[in-house]
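Structure file data_6.cif; described as mmCIF, C-alpha atoms and all ligand atoms.
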```cif
data_data
loop_
_atom_site.label_atom_id
_atom_site.label_comp_id
_atom_site.auth_asym_id
_atom_site.auth_seq_id
_atom_site.Cartn_x
_atom_site.Cartn_y
_atom_site.Cartn_z
CA MET A 258 -15.57 57.26 38.78
CA VAL A 259 -15.96 59.94 36.12
CA ALA A 260 -18.03 58.02 33.61
CA SER A 261 -20.86 55.55 33.42
CA LYS A 262 -19.68 52.16 32.28
CA GLU A 263 -22.83 51.67 30.22
CA SER A 264 -22.48 54.57 27.85
CA LYS A 265 -19.24 56.53 27.58
CA TRP A 266 -16.53 55.52 25.16
CA ALA A 267 -12.96 56.70 24.79
CA VAL A 268 -11.29 56.09 21.42
CA ILE A 269 -7.50 55.82 21.71
CA THR A 270 -5.07 55.35 18.83
CA GLY A 271 -1.48 54.29 19.51
CA ALA A 272 -3.10 52.14 22.19
CA SER A 273 -0.82 49.15 21.69
CA ASP A 274 2.20 50.75 23.37
CA GLY A 275 3.52 53.52 25.61
CA ILE A 276 1.31 56.40 26.66
CA GLY A 277 -1.72 55.20 24.64
CA ARG A 278 -1.59 51.79 26.28
CA ALA A 279 -1.24 53.35 29.75
CA LEU A 280 -4.28 55.53 28.95
CA VAL A 281 -6.32 52.41 28.12
CA HIS A 282 -5.71 51.14 31.66
CA GLU A 283 -6.27 54.52 33.36
CA LEU A 284 -9.52 55.27 31.53
CA GLY A 285 -10.74 51.68 31.87
CA ASN A 286 -10.19 51.99 35.64
CA GLN A 287 -12.27 55.17 35.58
CA GLY A 288 -15.16 53.22 34.04
CA TYR A 289 -14.82 54.32 30.42
CA ASN A 290 -15.41 51.78 27.70
CA VAL A 291 -12.32 51.90 25.49
CA LEU A 292 -11.88 51.35 21.79
CA ALA A 293 -8.15 50.74 21.45
CA VAL A 294 -6.51 51.07 18.04
CA GLY A 295 -2.96 49.93 17.35
CA ARG A 296 -0.91 48.65 14.47
CA SER A 297 0.44 45.45 16.00
CA ALA A 298 -2.11 42.64 16.53
CA ALA A 299 0.25 40.85 18.93
CA LYS A 300 0.60 43.93 21.16
CA LEU A 301 -3.17 44.44 21.20
CA GLU A 302 -3.65 40.79 22.22
CA ALA A 303 -1.19 41.35 25.08
CA LEU A 304 -3.09 44.51 26.07
CA LYS A 305 -6.37 42.58 26.18
CA SER A 306 -4.90 39.82 28.32
CA GLU A 307 -3.41 42.26 30.87
CA TYR A 308 -6.47 44.56 30.96
CA LYS A 309 -8.37 44.68 34.27
CA GLY A 310 -10.40 47.88 33.83
CA LEU A 311 -14.05 48.34 34.78
CA GLY A 312 -15.15 49.36 31.30
CA GLU A 313 -15.40 47.21 28.17
CA LEU A 314 -12.29 47.01 25.97
CA GLN A 315 -12.47 46.54 22.20
CA ALA A 316 -9.26 46.43 20.16
CA HIS A 317 -8.66 46.89 16.42
CA THR A 318 -5.59 47.02 14.21
CA MET A 319 -5.05 49.83 11.71
CA ASP A 320 -2.05 51.28 9.88
CA PHE A 321 -2.20 55.07 9.57
CA ASN A 322 0.57 55.25 7.03
CA LYS A 323 -2.08 55.42 4.32
CA GLU A 324 -5.20 57.46 3.65
CA GLY A 325 -8.63 56.35 4.84
CA SER A 326 -8.04 55.83 8.57
CA GLY A 327 -10.62 58.51 9.38
CA GLU A 328 -13.38 56.59 7.60
CA ASP A 329 -12.19 53.28 9.05
CA LEU A 330 -12.42 54.72 12.57
CA GLN A 331 -15.87 56.18 11.93
CA GLY A 332 -17.09 52.73 10.92
CA LEU A 333 -15.95 51.31 14.26
CA VAL A 334 -17.58 53.94 16.47
CA ALA A 335 -20.72 55.01 14.58
CA ASP A 336 -23.02 53.34 17.17
CA LYS A 337 -21.03 54.41 20.24
CA ALA A 338 -21.47 57.37 22.62
CA VAL A 339 -17.92 58.66 22.30
CA GLU A 340 -16.82 61.36 24.76
CA LEU A 341 -13.04 61.24 24.35
CA PHE A 342 -10.96 61.04 21.21
CA ILE A 343 -7.24 60.53 21.84
CA PRO A 344 -5.08 60.16 18.72
CA ALA A 345 -1.87 59.12 20.50
CA ALA A 346 -0.28 57.18 17.62
CA GLY A 347 2.97 58.76 16.57
CA LEU A 348 6.56 58.15 15.65
CA GLY A 349 9.83 60.05 15.81
CA SER A 350 13.34 59.86 14.44
CA SER A 351 16.74 61.07 15.51
CA GLY A 352 19.58 62.52 13.48
CA ASN A 353 20.25 65.31 11.03
CA PHE A 354 17.55 65.57 8.35
CA VAL A 355 20.09 65.26 5.52
CA ASP A 356 21.19 61.85 6.84
CA LEU A 357 17.77 60.32 7.54
CA PRO A 358 15.76 58.11 5.15
CA LEU A 359 13.17 60.34 3.49
CA ASP A 360 10.44 57.68 3.58
CA THR A 361 10.53 57.55 7.41
CA GLU A 362 10.38 61.36 7.63
CA LEU A 363 7.38 61.38 5.29
CA GLU A 364 5.72 58.55 7.25
CA MET A 365 6.08 60.78 10.32
CA VAL A 366 4.24 63.62 8.57
CA ASP A 367 1.51 61.17 7.52
CA VAL A 368 0.99 59.47 10.90
CA ASN A 369 1.67 62.44 13.22
CA CYS A 370 -0.23 65.08 11.17
CA ARG A 371 -2.32 63.92 8.21
CA ALA A 372 -3.93 60.96 10.01
CA VAL A 373 -4.68 63.11 13.09
CA VAL A 374 -6.41 65.76 10.96
CA GLU A 375 -8.30 63.12 8.97
CA GLN A 376 -9.52 61.34 12.11
CA THR A 377 -10.18 64.41 14.26
CA GLN A 378 -12.63 66.14 11.93
CA TRP A 379 -15.35 63.54 12.33
CA PHE A 380 -14.98 63.46 16.14
CA ALA A 381 -14.92 67.28 16.31
CA GLN A 382 -18.15 67.42 14.27
CA LYS A 383 -19.77 64.75 16.46
CA PHE A 384 -18.71 66.48 19.71
CA GLU A 385 -19.90 69.86 18.42
CA ARG A 386 -23.32 68.39 17.59
CA GLN A 387 -23.66 66.64 20.96
CA LYS A 388 -22.24 69.74 22.73
CA ARG A 389 -19.96 67.53 24.77
CA GLY A 390 -16.65 65.77 24.38
CA THR A 391 -12.88 66.19 24.67
CA LEU A 392 -10.18 65.96 22.04
CA ILE A 393 -6.80 65.05 23.54
CA LEU A 394 -4.10 65.87 21.01
CA PHE A 395 -0.42 65.01 21.36
CA SER A 396 2.09 67.77 20.93
CA SER A 397 5.37 67.51 22.86
CA LEU A 398 7.95 69.76 24.51
CA LEU A 399 9.28 69.72 20.94
CA GLY A 400 5.96 71.21 19.85
CA THR A 401 6.99 74.55 21.33
CA ALA A 402 9.87 75.32 18.91
CA GLY A 403 12.13 73.69 16.34
CA SER A 404 14.92 71.31 17.26
CA GLY A 405 18.08 70.04 15.61
CA THR A 406 18.35 66.22 15.27
CA SER A 407 14.53 66.06 15.27
CA ALA A 408 13.67 68.72 12.68
CA VAL A 409 10.72 66.95 11.05
CA TYR A 410 9.42 65.40 14.27
CA ALA A 411 9.48 68.79 16.03
CA ALA A 412 7.71 70.31 13.02
CA THR A 413 4.94 67.69 13.21
CA LYS A 414 4.44 68.46 16.90
CA ASN A 415 4.41 72.25 16.27
CA PHE A 416 1.69 71.48 13.70
CA ILE A 417 -0.42 69.62 16.28
CA HIS A 418 0.21 72.37 18.85
CA ALA A 419 -1.16 75.04 16.51
CA PHE A 420 -3.98 72.78 15.25
CA ALA A 421 -5.16 72.23 18.83
CA GLU A 422 -4.98 75.96 19.66
CA GLY A 423 -7.19 76.78 16.69
CA LEU A 424 -9.68 74.00 17.38
CA ARG A 425 -9.98 75.08 21.02
CA VAL A 426 -11.21 78.50 19.92
CA GLU A 427 -13.60 77.08 17.32
CA LEU A 428 -15.15 74.44 19.57
CA LYS A 429 -15.41 76.50 22.77
CA PRO A 430 -18.93 77.83 22.03
CA ALA A 431 -20.21 74.23 21.86
CA GLY A 432 -18.56 73.37 25.19
CA VAL A 433 -16.14 70.93 23.53
CA LYS A 434 -12.73 70.75 25.23
CA VAL A 435 -9.38 70.48 23.45
CA LEU A 436 -6.34 69.47 25.47
CA THR A 437 -2.83 69.84 24.06
CA ILE A 438 -0.56 67.31 25.73
CA CYS A 439 3.15 68.13 25.92
CA PRO A 440 5.02 65.14 27.31
CA GLY A 441 8.73 65.40 27.95
CA PRO A 442 10.97 62.37 27.46
CA THR A 443 8.77 59.43 28.46
CA ASN A 444 9.73 55.78 28.79
CA SER A 445 7.77 53.95 26.09
CA GLY A 446 8.42 52.20 22.79
CA PHE A 447 9.10 55.65 21.32
CA ALA A 448 12.78 56.09 22.29
CA GLN A 449 13.82 52.73 20.93
CA ALA A 450 11.85 53.18 17.70
CA SER A 451 13.46 56.62 17.29
CA GLN A 452 17.04 55.42 18.01
CA MET A 453 17.21 57.32 21.31
CA THR A 454 18.21 56.40 24.85
CA TYR A 455 16.41 58.04 27.75
CA SER A 456 17.47 58.33 31.36
CA GLY A 457 15.46 60.03 34.09
CA ALA A 458 12.37 60.10 31.87
CA ASP A 459 8.74 60.20 33.04
CA SER A 460 6.91 56.87 33.03
CA ALA A 461 4.08 56.30 30.56
CA SER A 462 1.84 55.47 33.51
CA ASP A 463 2.57 58.82 35.25
CA VAL A 464 1.97 60.67 31.99
CA ALA A 465 -1.36 58.87 31.51
CA LYS A 466 -2.40 59.63 35.11
CA GLY A 467 -1.50 63.31 34.57
CA ILE A 468 -3.61 63.42 31.41
CA VAL A 469 -6.66 61.75 32.95
CA LYS A 470 -6.61 64.26 35.84
CA THR A 471 -7.04 67.11 33.35
CA ILE A 472 -10.13 65.77 31.54
CA GLY A 473 -12.81 68.43 31.79
CA LYS A 474 -10.28 71.25 31.49
CA ASN A 475 -9.13 73.12 28.40
CA GLY A 476 -5.58 74.12 27.49
CA THR A 477 -1.98 72.94 27.28
CA ILE A 478 -0.87 70.25 29.70
CA TYR A 479 2.62 69.22 30.80
CA PRO A 480 1.51 65.87 32.18
CA ALA A 481 4.29 64.65 34.52
CA ALA A 482 7.23 65.86 36.63
CA ARG A 483 10.02 66.06 34.03
CA ALA A 484 7.68 67.52 31.42
CA ARG A 485 6.49 70.19 33.90
CA PHE A 486 10.04 71.15 34.87
CA LEU A 487 11.28 71.37 31.28
CA GLY A 488 8.06 73.01 30.10
CA PHE A 489 8.35 75.73 32.74
CA THR A 490 12.05 76.28 31.98
CA LEU A 491 11.39 76.59 28.25
CA SER A 492 8.52 79.01 28.78
CA THR A 493 10.88 81.51 30.43
CA VAL A 494 13.26 81.90 27.48
CA PRO A 495 12.98 83.38 23.97
CA ARG A 496 12.29 81.04 21.07
CA SER A 497 15.89 81.06 19.76
CA ILE A 498 17.17 79.90 23.16
CA ARG A 499 14.41 77.29 23.29
CA VAL A 500 15.65 75.88 19.96
CA ALA A 501 19.19 75.67 21.39
CA ILE A 502 18.02 73.97 24.62
CA LEU A 503 15.79 71.48 22.79
CA THR A 504 18.57 70.64 20.33
CA ASN A 505 20.95 70.07 23.22
CA VAL A 506 18.45 67.81 25.00
CA MET A 507 17.75 65.84 21.80
CA ARG A 508 21.47 65.44 21.01
CA GLY A 509 21.94 64.03 24.51
CA LEU A 510 19.16 61.48 23.90
CA GLN A 511 20.56 60.26 20.59
CA SER A 512 21.71 56.64 20.77
CA HIS A 513 25.34 56.23 19.78
CA LYS A 514 25.41 53.54 17.14
N1 LIG A 601 7.71 59.03 24.47
C1 LIG A 601 8.10 60.29 24.43
O1 LIG A 601 9.20 60.63 24.87
C2 LIG A 601 7.17 61.36 23.87
C3 LIG A 601 7.47 62.70 24.14
C4 LIG A 601 6.63 63.69 23.64
C5 LIG A 601 5.52 63.35 22.88
N2 LIG A 601 5.25 62.04 22.63
C6 LIG A 601 4.07 61.74 21.80
O2 LIG A 601 3.20 60.92 22.55
C7 LIG A 601 2.46 60.08 21.67
C8 LIG A 601 2.57 58.64 22.15
O3 LIG A 601 3.95 58.26 22.07
P1 LIG A 601 4.51 57.00 22.88
O4 LIG A 601 5.67 57.46 23.65
O5 LIG A 601 3.42 56.29 23.59
O6 LIG A 601 5.06 56.13 21.64
P2 LIG A 601 5.18 54.53 21.46
O7 LIG A 601 5.34 53.83 22.77
O8 LIG A 601 6.25 54.35 20.43
O9 LIG A 601 3.77 54.13 20.83
C9 LIG A 601 3.43 54.62 19.57
C10 LIG A 601 2.09 54.07 19.18
O10 LIG A 601 1.78 54.57 17.87
C11 LIG A 601 1.44 53.47 17.03
N3 LIG A 601 1.84 53.71 15.65
C12 LIG A 601 3.07 54.06 15.17
N4 LIG A 601 3.04 54.12 13.84
C13 LIG A 601 1.77 53.80 13.46
C14 LIG A 601 1.11 53.66 12.21
N5 LIG A 601 1.74 53.84 11.03
N6 LIG A 601 -0.21 53.32 12.19
C15 LIG A 601 -0.87 53.11 13.35
N7 LIG A 601 -0.30 53.21 14.56
C16 LIG A 601 1.01 53.53 14.62
C17 LIG A 601 2.21 52.30 17.61
O11 LIG A 601 1.59 51.09 17.17
P3 LIG A 601 2.36 49.64 17.23
O12 LIG A 601 3.18 49.65 18.47
O13 LIG A 601 1.21 48.68 17.29
O14 LIG A 601 3.17 49.56 16.00
C18 LIG A 601 2.06 52.55 19.11
O15 LIG A 601 0.82 52.09 19.57
C19 LIG A 601 3.05 60.30 20.27
O16 LIG A 601 2.22 61.19 19.56
C20 LIG A 601 4.39 60.95 20.54
O17 LIG A 601 4.79 61.79 19.48
C21 LIG A 601 6.04 61.03 23.11
#
```

Now that the file is in, can you turn its structure into structure tokens?
Amino acid sequence: MVASKESKWAVITGASDGIGRALVHELGNQGYNVLAVGRSAAKLEALKSEYKGLGELQAHTMDFNKEGSGEDLQGLVADKAVELFIPAAGLGSSGNFVDLPLDTELEMVDVNCRAVVEQTQWFAQKFERQKRGTLILFSSLLGTAGSGTSAVYAATKNFIHAFAEGLRVELKPAGVKVLTICPGPTNSGFAQASQMTYSGADSASDVAKGIVKTIGKNGTIYPAARARFLGFTLSTVPRSIRVAILTNVMRGLQSHK
């Protein structure tokens, strides 16, 4: 067990589905108390009924498609000894930018970037003061270059990638860790919500296990087998080739309507 059940809290957004939900179970099994934030009350109820972790689980609904989620989160955790902040909430889309509804693309910028920045500052300040804590930020394989058919989504993940790199440097003197997580295609609610079909993807549970193993480290993590293979392959080629490979992969994942 890596944490004492009495004191250490992990705050996870996007906890009602996919990788966030799998992380609730993994960290709960490790003895962390978990504050799980999701948008859907029904999914959070299901999470609570299936949860068998050692640590306490509290669940709250919030919609990040509007300003103020940072303050709302602070209100929930002010009295808690938080050691992990994991903003896993996110959404994607699939198709050429010119054909996609602009409101969904803008929602992606809000949820994937603005909300993460808004929420992370308070946790970063808290962790810096207590000289302890880990921020676990979600980039993606698509956070390593641009990609056709996911232009805005890839841009949001490049944003998080760079944000995490900068924070890692700033918070290092205080001993605060910043992990950049780069999942590859992962079976979760994400593909369906983004009009994509995955085959041979990593499981959300394997991705969560891979993430939990790296707590205490610093750096960029490719958390499961497919992500590691693709991440290594992409790292060996120039950026322009990376864009071509990623576009090809994303075109292959697009659902044919
Ligand atoms: N799955 C992949 O292939 C993949 C690959 C690379 C990176 N990632 C990244 O990994 C992270 C987790 O993705 P996932 O695969 O677990 O996705 P997922 O299964 O679709 O879950 C997304 C989570 O985000 C929440 N969410 C979405 N919009 C929200 C909003 N407006 N306000 C509050 N919460 C909202 C959802 O809440 P509700 O369900 O309650 O609505 C859900 O809990 C994301 O940052 C994603 O970009 C995923």

### Message
Hey, which residues sit close to ligand LIG 601 (chain A)? Say within 6 Å, counting all atoms listed in the file, and write them as number ranges by chain.
### Response
A: 271-277, 295-297, 319-322, 345-348, 368, 395-397, 440-447

Those residues with C-alpha atoms, as a short mmCIF file (atom, residue, chain, number, x, y, z; two decimals), in the coordinates of the input please?
```cif
data_model
loop_
_atom_site.label_atom_id
_atom_site.label_comp_id
_atom_site.auth_asym_id
_atom_site.auth_seq_id
_atom_site.Cartn_x
_atom_site.Cartn_y
_atom_site.Cartn_z
CA GLY A 271 -1.48 54.29 19.51
CA ALA A 272 -3.10 52.14 22.19
CA SER A 273 -0.82 49.15 21.69
CA ASP A 274 2.20 50.75 23.37
CA GLY A 275 3.52 53.52 25.61
CA ILE A 276 1.31 56.40 26.66
CA GLY A 277 -1.72 55.20 24.64
CA GLY A 295 -2.96 49.93 17.35
CA ARG A 296 -0.91 48.65 14.47
CA SER A 297 0.44 45.45 16.00
CA MET A 319 -5.05 49.83 11.71
CA ASP A 320 -2.05 51.28 9.88
CA PHE A 321 -2.20 55.07 9.57
CA ASN A 322 0.57 55.25 7.03
CA ALA A 345 -1.87 59.12 20.50
CA ALA A 346 -0.28 57.18 17.62
CA GLY A 347 2.97 58.76 16.57
CA LEU A 348 6.56 58.15 15.65
CA VAL A 368 0.99 59.47 10.90
CA PHE A 395 -0.42 65.01 21.36
CA SER A 396 2.09 67.77 20.93
CA SER A 397 5.37 67.51 22.86
CA PRO A 440 5.02 65.14 27.31
CA GLY A 441 8.73 65.40 27.95
CA PRO A 442 10.97 62.37 27.46
CA THR A 443 8.77 59.43 28.46
CA ASN A 444 9.73 55.78 28.79
CA SER A 445 7.77 53.95 26.09
CA GLY A 446 8.42 52.20 22.79
CA PHE A 447 9.10 55.65 21.32
#
```

### Query
Closest to Met365 in chain A among A:Arg496, A:Ala408, A:Asn353, A:Leu399, using only C-alpha atoms?
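When distances to Met365 in chain A are compared using only C-alpha atoms, the smallest one comes from A:Ala408.
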
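Interatomic distance, CA of Gly285 in chain A against CA of Val464 in chain A: 15.6 Å.
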
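Shortest separation to Gln452 in chain A among A:Arg278, A:Arg508, A:Lys429, A:Lys265 occurs at residue A:Arg508, atoms counted being all atoms listed in the file.
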
### Query
Restricting the calculation to all atoms listed in the file, which member of A:Gly488, A:Gly467, A:Gly390, A:Gly405 is positioned closest to Ile343 in chain A?
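Residue with the minimum atom-to-atom distance to Ile343 in chain A: A:Gly390.
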
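Proximity ranking of A:Gln387, A:Gln376, A:Asn369, A:Thr493 relative to Val334 in chain A places A:Gln376 first, based on only C-alpha atoms.
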
### Query
Do you know which residues are at most 12 Å from range 477-485 of chain A counting all atoms listed in the file, after dropping those on the same chain fewer than 6 positions away, and could you put them as a PyMOL selection string?
chain A and resi 276+392-401+417-419+421-422+425+434-444+456-471+491-492

### Message
Can you measure CA of Phe342 in chain A to CA of Thr270 in chain A for me? One decimal in Å is fine.
### Response
8.5 Å

### Message
Let me make sure I understand: among A:Ala298, A:Ser407, A:Gly312, A:Val500, which one has the smallest atom-to-atom distance to Asp356 in chain A if we use all atoms listed in the file?
### Response
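Comparing A:Ala298, A:Ser407, A:Gly312, A:Val500 against Asp356 in chain A, the winner is A:Ser407.
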
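CA of His282 in chain A to CA of Lys474 in chain A spans 20.6 Å [interatomic distance, one decimal].
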
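With only C-alpha atoms as the atoms that count, the residue of A:Ile498, A:Val409, A:Leu503, A:Leu284 with the shortest distance to Thr361 in chain A is A:Val409.
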
### Residue neighbourhood Lys309 in chain A, 12 Å, all atoms listed in the file, exclusion window fewer than 2 positions, as number ranges by chain
A: 281-288, 290, 304-307, 311-314

Kindly reconstruct range 496-509 of chain A with N, CA and C atoms and present the result as a short mmCIF file (atom, residue, chain, number, x, y, z; two decimals), in the frame of the given file.
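Written output follows (part-v6.cif):
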```
data_model
loop_
_atom_site.label_atom_id
_atom_site.label_comp_id
_atom_site.auth_asym_id
_atom_site.auth_seq_id
_atom_site.Cartn_x
_atom_site.Cartn_y
_atom_site.Cartn_z
N ARG A 496 12.37 82.19 21.96
CA ARG A 496 12.29 81.04 21.07
C ARG A 496 13.67 80.55 20.59
N SER A 497 14.57 81.48 20.27
CA SER A 497 15.89 81.06 19.76
C SER A 497 16.65 80.25 20.82
N ILE A 498 16.50 80.64 22.08
CA ILE A 498 17.17 79.90 23.16
C ILE A 498 16.48 78.55 23.34
N ARG A 499 15.17 78.55 23.19
CA ARG A 499 14.41 77.29 23.29
C ARG A 499 14.92 76.28 22.25
N VAL A 500 15.14 76.76 21.03
CA VAL A 500 15.65 75.88 19.96
C VAL A 500 17.00 75.30 20.40
N ALA A 501 17.86 76.14 20.97
CA ALA A 501 19.19 75.67 21.39
C ALA A 501 19.06 74.64 22.52
N ILE A 502 18.18 74.91 23.49
CA ILE A 502 18.02 73.97 24.62
C ILE A 502 17.46 72.64 24.12
N LEU A 503 16.41 72.72 23.29
CA LEU A 503 15.79 71.48 22.79
C LEU A 503 16.79 70.67 21.97
N THR A 504 17.58 71.35 21.15
CA THR A 504 18.57 70.64 20.33
C THR A 504 19.59 69.94 21.23
N ASN A 505 19.99 70.65 22.27
CA ASN A 505 20.95 70.07 23.22
C ASN A 505 20.36 68.83 23.90
N VAL A 506 19.11 68.95 24.35
CA VAL A 506 18.45 67.81 25.00
C VAL A 506 18.36 66.64 24.01
N MET A 507 17.93 66.91 22.77
CA MET A 507 17.75 65.84 21.80
C MET A 507 19.08 65.20 21.40
N ARG A 508 20.14 66.01 21.31
CA ARG A 508 21.47 65.44 21.01
C ARG A 508 21.88 64.48 22.12
N GLY A 509 21.59 64.87 23.35
CA GLY A 509 21.94 64.03 24.51
C GLY A 509 21.17 62.72 24.51
#
```
